[in-house]
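run24.cif (mmCIF, C-alpha atoms)
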```
data_final
loop_
_atom_site.group_PDB
_atom_site.id
_atom_site.type_symbol
_atom_site.label_atom_id
_atom_site.label_comp_id
_atom_site.auth_asym_id
_atom_site.auth_seq_id
_atom_site.Cartn_x
_atom_site.Cartn_y
_atom_site.Cartn_z
ATOM 1 C CA MET A 245 -19.839 17.113 40.534
ATOM 2 C CA SER A 246 -22.446 14.397 39.973
ATOM 3 C CA GLU A 247 -21.579 10.731 40.289
ATOM 4 C CA HIS A 248 -22.529 10.119 36.657
ATOM 5 C CA LEU A 249 -20.188 12.833 35.393
ATOM 6 C CA GLN A 250 -17.387 11.522 37.583
ATOM 7 C CA SER A 251 -17.784 8.070 36.064
ATOM 8 C CA LEU A 252 -17.490 9.551 32.566
ATOM 9 C CA LEU A 253 -14.182 11.176 33.524
ATOM 10 C CA ILE A 254 -12.636 7.984 34.898
ATOM 11 C CA PRO A 255 -10.658 7.128 31.697
ATOM 12 C CA PHE A 256 -8.827 10.456 31.929
ATOM 13 C CA GLN A 257 -7.408 9.420 35.300
ATOM 14 C CA TYR A 258 -5.291 6.636 33.790
ATOM 15 C CA GLU A 259 -2.081 7.356 31.917
ATOM 16 C CA TYR A 260 -2.462 4.337 29.644
ATOM 17 C CA MET A 261 -5.921 5.535 28.552
ATOM 18 C CA LEU A 262 -4.686 9.064 27.843
ATOM 19 C CA LYS A 263 -1.853 7.605 25.782
ATOM 20 C CA ALA A 264 -4.234 5.281 23.928
ATOM 21 C CA MET A 265 -6.627 8.126 23.111
ATOM 22 C CA TRP A 266 -4.098 10.585 21.721
ATOM 23 C CA VAL A 267 -2.173 7.919 19.799
ATOM 24 C CA SER A 268 -5.433 6.592 18.314
ATOM 25 C CA ALA A 269 -6.414 10.132 17.328
ATOM 26 C CA LEU A 270 -3.003 10.712 15.720
ATOM 27 C CA ILE A 271 -3.050 7.475 13.747
ATOM 28 C CA GLY A 272 -6.705 7.956 12.813
ATOM 29 C CA GLY A 273 -5.991 11.405 11.412
ATOM 30 C CA VAL A 274 -2.945 10.332 9.398
ATOM 31 C CA CYS A 275 -4.694 7.258 7.980
ATOM 32 C CA ALA A 276 -7.672 9.433 7.075
ATOM 33 C CA LEU A 277 -5.527 11.918 5.146
ATOM 34 C CA LEU A 278 -3.867 9.125 3.199
ATOM 35 C CA SER A 279 -7.243 7.467 2.606
ATOM 36 C CA CYS A 280 -8.276 10.431 0.439
ATOM 37 C CA PHE A 281 -5.445 9.691 -1.992
ATOM 38 C CA ILE A 282 -6.141 5.954 -1.857
ATOM 39 C CA THR A 283 -9.818 6.538 -2.645
ATOM 40 C CA LEU A 284 -8.982 8.698 -5.660
ATOM 41 C CA LYS A 285 -6.384 6.218 -6.893
ATOM 42 C CA GLY A 286 -8.640 3.200 -6.389
ATOM 43 C CA TRP A 287 -6.125 1.434 -4.160
ATOM 44 C CA SER A 288 -8.528 0.128 -1.540
ATOM 45 C CA LEU A 289 -7.574 -3.468 -2.332
ATOM 46 C CA MET A 290 -3.901 -2.491 -2.127
ATOM 47 C CA GLY A 291 -4.446 -1.157 1.388
ATOM 48 C CA ASP A 292 -6.110 -4.399 2.427
ATOM 49 C CA ALA A 293 -3.296 -6.445 0.931
ATOM 50 C CA LEU A 294 -0.521 -4.417 2.549
ATOM 51 C CA SER A 295 -2.158 -4.640 5.962
ATOM 52 C CA HIS A 296 -1.843 -8.430 5.759
ATOM 53 C CA ALA A 297 1.567 -8.480 4.072
ATOM 54 C CA ILE A 298 3.255 -6.775 7.027
ATOM 55 C CA VAL A 299 2.367 -9.645 9.387
ATOM 56 C CA PRO A 300 5.542 -11.742 8.778
ATOM 57 C CA GLY A 301 7.720 -8.679 9.329
ATOM 58 C CA VAL A 302 6.004 -7.958 12.638
ATOM 59 C CA THR A 303 6.336 -11.605 13.658
ATOM 60 C CA LEU A 304 10.069 -11.715 12.921
ATOM 61 C CA ALA A 305 10.590 -8.449 14.777
ATOM 62 C CA TYR A 306 8.849 -9.836 17.864
ATOM 63 C CA LEU A 307 10.873 -13.060 17.683
ATOM 64 C CA LEU A 308 14.158 -11.146 17.416
ATOM 65 C CA GLY A 309 13.219 -8.691 20.138
ATOM 66 C CA ALA A 310 13.492 -5.800 17.684
ATOM 67 C CA PRO A 311 11.110 -2.851 17.126
ATOM 68 C CA PHE A 312 8.130 -3.994 15.074
ATOM 69 C CA ALA A 313 8.030 -0.988 12.726
ATOM 70 C CA PRO A 314 11.191 -1.669 10.637
ATOM 71 C CA GLY A 315 10.279 -5.340 10.205
ATOM 72 C CA ALA A 316 6.695 -4.583 9.225
ATOM 73 C CA PHE A 317 7.709 -1.808 6.850
ATOM 74 C CA PHE A 318 10.335 -3.964 5.130
ATOM 75 C CA SER A 319 7.872 -6.841 4.784
ATOM 76 C CA GLY A 320 5.187 -4.626 3.247
ATOM 77 C CA LEU A 321 7.635 -2.973 0.869
ATOM 78 C CA LEU A 322 9.080 -6.330 -0.177
ATOM 79 C CA ALA A 323 5.588 -7.638 -0.901
ATOM 80 C CA ALA A 324 4.766 -4.538 -2.951
ATOM 81 C CA LEU A 325 7.964 -4.909 -4.979
ATOM 82 C CA GLY A 326 7.198 -8.593 -5.472
ATOM 83 C CA MET A 327 3.745 -7.735 -6.762
ATOM 84 C CA GLY A 328 5.241 -5.238 -9.204
ATOM 85 C CA PHE A 329 7.732 -7.834 -10.443
ATOM 86 C CA VAL A 330 5.076 -10.507 -11.010
ATOM 87 C CA LYS A 331 2.782 -8.009 -12.716
ATOM 88 C CA THR A 332 5.475 -6.939 -15.210
ATOM 89 C CA LYS A 333 6.511 -10.523 -15.982
ATOM 90 C CA THR A 334 3.041 -12.019 -16.516
ATOM 91 C CA GLN A 335 -0.291 -11.213 -18.133
ATOM 92 C CA LEU A 336 -2.214 -11.708 -14.890
ATOM 93 C CA ARG A 337 -4.707 -9.085 -13.778
ATOM 94 C CA GLU A 338 -3.619 -6.843 -10.919
ATOM 95 C CA ASP A 339 -6.235 -8.203 -8.508
ATOM 96 C CA ALA A 340 -4.997 -11.754 -9.130
ATOM 97 C CA VAL A 341 -1.388 -10.723 -8.505
ATOM 98 C CA ILE A 342 -2.361 -8.948 -5.289
ATOM 99 C CA GLY A 343 -4.315 -11.997 -4.150
ATOM 100 C CA VAL A 344 -1.378 -14.348 -4.720
ATOM 101 C CA VAL A 345 1.533 -12.260 -3.423
ATOM 102 C CA PHE A 346 0.039 -10.586 -0.388
ATOM 103 C CA THR A 347 -1.863 -13.606 0.898
ATOM 104 C CA ALA A 348 1.375 -15.596 0.585
ATOM 105 C CA PHE A 349 3.055 -13.100 2.910
ATOM 106 C CA PHE A 350 0.157 -13.309 5.367
ATOM 107 C CA ALA A 351 0.325 -17.112 5.275
ATOM 108 C CA LEU A 352 4.057 -16.918 6.024
ATOM 109 C CA GLY A 353 3.308 -14.746 9.047
ATOM 110 C CA VAL A 354 0.668 -17.164 10.335
ATOM 111 C CA LEU A 355 3.101 -20.068 9.840
ATOM 112 C CA LEU A 356 5.799 -18.307 11.866
ATOM 113 C CA ILE A 357 3.312 -17.555 14.642
ATOM 114 C CA SER A 358 2.192 -21.188 14.759
ATOM 115 C CA ILE A 359 5.806 -22.415 14.930
ATOM 116 C CA TYR A 360 6.829 -19.958 17.644
ATOM 117 C CA PRO A 361 3.597 -19.402 19.601
ATOM 118 C CA SER A 362 5.320 -18.384 22.838
ATOM 119 C CA GLY A 363 7.250 -15.549 21.250
ATOM 120 C CA VAL A 364 4.430 -13.884 19.361
ATOM 121 C CA SER A 365 0.864 -12.972 20.273
ATOM 122 C CA LEU A 366 -1.437 -13.595 17.317
ATOM 123 C CA ARG A 367 -4.155 -11.561 19.025
ATOM 124 C CA THR A 368 -1.846 -8.542 19.306
ATOM 125 C CA ILE A 369 -0.940 -8.664 15.614
ATOM 126 C CA VAL A 370 -4.426 -9.339 14.303
ATOM 127 C CA PHE A 371 -6.421 -7.069 16.634
ATOM 128 C CA GLY A 372 -3.814 -4.579 17.874
ATOM 129 C CA ASN A 373 -2.964 -3.631 21.452
ATOM 130 C CA ILE A 374 -3.105 0.131 21.793
ATOM 131 C CA LEU A 375 -3.691 -0.079 25.556
ATOM 132 C CA GLY A 376 -0.346 -1.821 25.999
ATOM 133 C CA ILE A 377 1.674 0.278 23.561
ATOM 134 C CA SER A 378 5.196 1.023 24.789
ATOM 135 C CA ASP A 379 6.898 4.415 24.788
ATOM 136 C CA ALA A 380 9.293 3.184 22.080
ATOM 137 C CA ASP A 381 6.366 2.194 19.860
ATOM 138 C CA VAL A 382 4.719 5.562 20.509
ATOM 139 C CA LYS A 383 7.864 7.299 19.245
ATOM 140 C CA GLN A 384 7.881 5.112 16.124
ATOM 141 C CA VAL A 385 4.230 5.862 15.441
ATOM 142 C CA ALA A 386 4.810 9.590 15.949
ATOM 143 C CA ILE A 387 7.796 9.624 13.575
ATOM 144 C CA ILE A 388 5.912 7.675 10.896
ATOM 145 C CA SER A 389 2.929 10.003 11.235
ATOM 146 C CA LEU A 390 5.011 13.185 11.024
ATOM 147 C CA VAL A 391 6.954 11.957 7.982
ATOM 148 C CA THR A 392 3.749 10.867 6.228
ATOM 149 C CA VAL A 393 2.025 14.207 6.818
ATOM 150 C CA ALA A 394 5.151 16.099 5.712
ATOM 151 C CA VAL A 395 5.455 14.151 2.447
ATOM 152 C CA LEU A 396 1.736 14.489 1.708
ATOM 153 C CA GLY A 397 1.996 18.223 2.313
ATOM 154 C CA LEU A 398 5.087 18.721 0.151
ATOM 155 C CA LYS A 399 3.929 16.470 -2.705
ATOM 156 C CA ARG A 400 0.175 17.041 -2.441
ATOM 157 C CA LYS A 401 -0.368 18.596 -5.888
ATOM 158 C CA ASP A 402 1.792 16.021 -7.667
ATOM 159 C CA LEU A 403 0.137 13.121 -5.849
ATOM 160 C CA VAL A 404 -3.361 14.460 -6.530
ATOM 161 C CA LEU A 405 -2.623 14.728 -10.251
ATOM 162 C CA PHE A 406 -1.074 11.258 -10.229
ATOM 163 C CA CYS A 407 -4.154 9.811 -8.528
ATOM 164 C CA PHE A 408 -6.599 11.603 -10.833
ATOM 165 C CA ASP A 409 -4.800 11.114 -14.158
ATOM 166 C CA PRO A 410 -1.370 9.411 -14.349
ATOM 167 C CA ASP A 411 -1.166 10.003 -18.109
ATOM 168 C CA GLN A 412 -1.635 13.745 -17.662
ATOM 169 C CA ALA A 413 0.955 13.731 -14.888
ATOM 170 C CA ARG A 414 3.418 11.970 -17.188
ATOM 171 C CA ALA A 415 2.690 14.426 -20.007
ATOM 172 C CA LEU A 416 3.500 17.322 -17.661
ATOM 173 C CA GLY A 417 6.906 15.832 -16.937
ATOM 174 C CA LEU A 418 6.223 14.323 -13.524
ATOM 175 C CA ASN A 419 8.037 11.137 -12.564
ATOM 176 C CA VAL A 420 5.013 8.855 -12.336
ATOM 177 C CA LEU A 421 7.054 5.846 -11.212
ATOM 178 C CA ALA A 422 8.548 7.831 -8.326
ATOM 179 C CA LEU A 423 5.092 9.077 -7.314
ATOM 180 C CA HIS A 424 3.763 5.515 -7.495
ATOM 181 C CA PHE A 425 6.400 4.222 -5.101
ATOM 182 C CA THR A 426 6.111 7.302 -2.889
ATOM 183 C CA LEU A 427 2.413 6.641 -2.352
ATOM 184 C CA LEU A 428 3.069 2.927 -1.945
ATOM 185 C CA THR A 429 5.765 3.605 0.659
ATOM 186 C CA LEU A 430 3.491 5.965 2.580
ATOM 187 C CA LEU A 431 0.744 3.351 2.470
ATOM 188 C CA ALA A 432 3.071 0.694 3.871
ATOM 189 C CA ALA A 433 4.403 3.021 6.578
ATOM 190 C CA THR A 434 0.934 4.130 7.644
ATOM 191 C CA ALA A 435 -0.300 0.544 7.733
ATOM 192 C CA VAL A 436 2.581 -0.195 10.105
ATOM 193 C CA ALA A 437 1.545 2.682 12.373
ATOM 194 C CA ALA A 438 -2.124 1.664 12.330
ATOM 195 C CA LEU A 439 -1.278 -1.959 13.075
ATOM 196 C CA GLN A 440 -0.594 -1.136 16.721
ATOM 197 C CA THR A 441 -4.011 0.490 17.126
ATOM 198 C CA VAL A 442 -6.491 -1.606 15.152
ATOM 199 C CA GLY A 443 -4.511 -4.704 14.158
ATOM 200 C CA ALA A 444 -3.884 -6.247 10.754
ATOM 201 C CA CYS A 445 -7.522 -7.164 10.123
ATOM 202 C CA LEU A 446 -8.890 -3.626 10.529
ATOM 203 C CA VAL A 447 -6.058 -1.507 9.091
ATOM 204 C CA VAL A 448 -7.778 -1.379 5.708
ATOM 205 C CA ALA A 449 -10.889 0.195 7.273
ATOM 206 C CA THR A 450 -8.920 3.133 8.694
ATOM 207 C CA LEU A 451 -7.172 3.542 5.329
ATOM 208 C CA VAL A 452 -10.369 3.544 3.264
ATOM 209 C CA THR A 453 -13.497 4.478 5.241
ATOM 210 C CA PRO A 454 -12.710 8.133 6.156
ATOM 211 C CA GLY A 455 -11.726 8.986 2.581
ATOM 212 C CA ALA A 456 -14.754 7.199 1.140
ATOM 213 C CA THR A 457 -17.017 9.065 3.569
ATOM 214 C CA ALA A 458 -15.501 12.442 2.713
ATOM 215 C CA TYR A 459 -15.818 11.601 -0.999
ATOM 216 C CA LEU A 460 -19.580 11.334 -0.541
ATOM 217 C CA LEU A 461 -19.756 14.689 1.231
ATOM 218 C CA THR A 462 -17.753 16.987 -1.056
ATOM 219 C CA ASP A 463 -16.336 17.381 -4.557
ATOM 220 C CA ARG A 464 -13.371 19.533 -3.466
ATOM 221 C CA PHE A 465 -10.193 17.692 -2.548
ATOM 222 C CA THR A 466 -9.017 20.224 0.042
ATOM 223 C CA ARG A 467 -12.363 19.967 1.820
ATOM 224 C CA MET A 468 -12.218 16.204 1.438
ATOM 225 C CA LEU A 469 -8.903 16.160 3.327
ATOM 226 C CA ALA A 470 -10.372 18.305 6.111
ATOM 227 C CA ILE A 471 -13.493 16.148 6.483
ATOM 228 C CA ALA A 472 -11.605 12.854 6.392
ATOM 229 C CA GLY A 473 -8.985 14.104 8.838
ATOM 230 C CA SER A 474 -11.667 15.275 11.258
ATOM 231 C CA ILE A 475 -13.423 11.912 11.047
ATOM 232 C CA GLY A 476 -10.167 10.052 11.647
ATOM 233 C CA VAL A 477 -9.175 12.103 14.688
ATOM 234 C CA ALA A 478 -12.675 12.141 16.205
ATOM 235 C CA THR A 479 -13.300 8.410 15.791
ATOM 236 C CA GLY A 480 -9.820 7.536 17.046
ATOM 237 C CA LEU A 481 -10.315 9.587 20.196
ATOM 238 C CA THR A 482 -13.932 8.545 20.776
ATOM 239 C CA GLY A 483 -13.324 4.895 19.939
ATOM 240 C CA ALA A 484 -10.478 4.591 22.425
ATOM 241 C CA TYR A 485 -12.579 6.359 25.070
ATOM 242 C CA ALA A 486 -15.631 4.160 24.444
ATOM 243 C CA SER A 487 -13.589 0.953 24.540
ATOM 244 C CA TYR A 488 -12.894 1.576 28.239
ATOM 245 C CA PHE A 489 -16.590 1.419 29.144
ATOM 246 C CA LEU A 490 -17.427 -1.356 26.682
ATOM 247 C CA ASP A 491 -14.395 -3.392 27.754
ATOM 248 C CA GLY A 492 -13.971 -4.239 24.084
ATOM 249 C CA SER A 493 -11.487 -3.921 21.251
ATOM 250 C CA THR A 494 -10.271 -0.360 20.716
ATOM 251 C CA GLY A 495 -9.790 -0.984 17.013
ATOM 252 C CA GLY A 496 -13.266 -2.462 16.741
ATOM 253 C CA CYS A 497 -14.802 0.598 18.407
ATOM 254 C CA ILE A 498 -12.924 2.958 16.079
ATOM 255 C CA VAL A 499 -13.899 1.115 12.901
ATOM 256 C CA VAL A 500 -17.548 0.710 13.964
ATOM 257 C CA LEU A 501 -17.772 4.474 14.544
ATOM 258 C CA GLN A 502 -16.222 5.171 11.144
ATOM 259 C CA THR A 503 -18.638 2.749 9.505
ATOM 260 C CA LEU A 504 -21.656 4.389 11.152
ATOM 261 C CA ILE A 505 -20.525 7.799 9.887
ATOM 262 C CA PHE A 506 -20.043 6.338 6.406
ATOM 263 C CA LEU A 507 -23.553 4.854 6.421
ATOM 264 C CA ALA A 508 -25.013 8.184 7.525
ATOM 265 C CA ALA A 509 -23.176 9.949 4.684
ATOM 266 C CA LEU A 510 -24.279 7.266 2.228
ATOM 267 C CA VAL A 511 -27.913 7.953 3.078
ATOM 268 C CA PHE A 512 -28.005 11.674 3.878
ATOM 269 C CA ALA A 513 -25.174 13.299 1.851
ATOM 270 C CA ARG A 514 -26.620 16.364 0.111
ATOM 271 C CA LYS A 515 -25.273 15.519 -3.350
ATOM 272 C CA HIS A 516 -24.127 11.898 -3.448
ATOM 273 C CA GLY A 517 -26.388 10.378 -0.794
ATOM 274 C CA MET A 518 -29.108 7.843 -1.517
ATOM 275 C CA LEU A 519 -31.915 10.227 -0.571
ATOM 276 C CA ALA A 520 -30.479 12.958 -2.810
ATOM 277 C CA SER A 521 -30.158 10.519 -5.720
ATOM 278 C CA ARG A 522 -33.746 9.365 -5.241
ATOM 279 C CA ALA A 523 -34.942 12.976 -5.177
ATOM 280 C CA ARG A 524 -33.088 13.724 -8.428
ATOM 281 C CA ARG A 525 -34.649 10.709 -10.129
ATOM 282 C CA ARG A 526 -38.083 11.776 -8.930
ATOM 283 C CA ARG A 527 -37.616 15.300 -10.271
ATOM 284 C CA ALA A 528 -36.394 13.920 -13.589
ATOM 285 C CA LEU A 529 -39.509 11.777 -13.902
ATOM 286 C CA GLU A 530 -41.741 14.741 -13.082
ATOM 287 C CA ARG A 531 -40.122 16.837 -15.825
ATOM 288 C CA ARG A 532 -40.536 14.084 -18.405
ATOM 289 C CA PRO A 533 -43.368 14.950 -20.793
ATOM 290 C CA ALA A 534 -46.427 12.747 -20.560
#
```
Take the structure in the file and give it back as structure tokens.
Amino acid sequence: MSEHLQSLLIPFQYEYMLKAMWVSALIGGVCALLSCFITLKGWSLMGDALSHAIVPGVTLAYLLGAPFAPGAFFSGLLAALGMGFVKTKTQLREDAVIGVVFTAFFALGVLLISIYPSGVSLRTIVFGNILGISDADVKQVAIISLVTVAVLGLKRKDLVLFCFDPDQARALGLNVLALHFTLLTLLAATAVAALQTVGACLVVATLVTPGATAYLLTDRFTRMLAIAGSIGVATGLTGAYASYFLDGSTGGCIVVLQTLIFLAALVFARKHGMLASRARRRRALERRPA
């Protein structure tokens, strides 16, 4: 075996790297599946907001020596409920409500970190620490991922209809409010799982980019799920692997890879890409009578 090939296999010799790669692939795949629903629903801003709203919950969990997942999940859910309350009681636009409520939660988290700097690592929360993930956290991530995939599988048709046309879903007798909170709960739970890998700042990318990329590549939702899931798993695995050689942030590597794939789809997608759109405009001009 050549020396170059041996050097490429070095990451597979370390248990922490193997754990980081398969956990990143798992989280990447789950986030990618959920991102398809978020893209259809237009909840990209909601994903960004939730990823920051879970920070105080994570901080309190670290300070109390408790698992981070319950604290983060409760914090995100509380922020979402608070947003819903403010929205129903005022005439403010949804983006304004999201900006006020979720940034307030993030500010609370930053305040707690600044007051108790020795108990909490801001870098871990903001940028993630997949290389140092504990076995207990791995179990939490696995449980969250399995539950999310199971719910998406069982409620896929109802959630798709809700994302496409809530009014039609209501007319067919579906409980739109329950579907709304189901998707919101899954979003909060998945953001909690992704926090350990990419950190609070980059969670939104893993919850939006794969779905947006798949949206450019196909008009069929089933195929969209397959494409997004493949992107999520592949970039999670490759990003964690590449971070070993780059000695850089695992989350940063994952998101950069996803962004590069998105840019390639944006330019070269057969139907919705920029080159395809330019070709259609050119053909339309050629058909126009002189």
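Summary of the local environment: counting only C-alpha atoms, residues at most 10 Å from A:Thr450, other than itself and those fewer than 3 positions away along its chain, are Ile271, Gly272, Gly273, Val274, Cys275, Ala276, Leu278, Ser279, Gly291, Thr434, Ala435, Ala438, Val442, Leu446, Val447, Thr453, Pro454, Gly455, Gly476, Thr479, Gly480, Gly495, Ile498, Val499, Gln502 and Thr503 of chain A.
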Nearest residue to A:Ala316 from the set A:Leu396, A:Met290, A:Val344, A:Gln440 (distances using all atoms listed in the file):
A:Gln440
Please determine, counting only C-alpha atoms, which residue among A:Ile374, A:Met327, A:Ala293, A:Leu284 has the shortest atom-to-atom distance to A:Tyr488.
A:Ile374
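Put simply, atom CA of A:Glu259 is 17.5 Å away from atom CA of A:Ala386.
Every residue that the PyMOL selection byres ((chain A and resi 469) around 10) selects in this file is listed here: Gly273, Ala276, Leu277, Leu278, Ser279, Cys280, Phe281, Pro454, Gly455, Ala458, Tyr459, Thr462, Arg464, Phe465, Thr466, Arg467, Met468, Ala470, Ile471, Ala472, Gly473, Ser474 and Ile475 of chain A.
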In Å, with one decimal, what is the gap from atom CA of A:Phe512 to atom CA of A:Arg525?
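Between these atoms lies a distance of 15.5 Å.
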Which residues are close to stretch 388-390 of chain A, i.e. within 9 Å by all atoms listed in the file, leaving aside same-chain residues fewer than 2 positions away? Reply as a PyMOL selection string.
chain A and resi 270-271+274-275+383-386+392-395+430+433-434+436-437
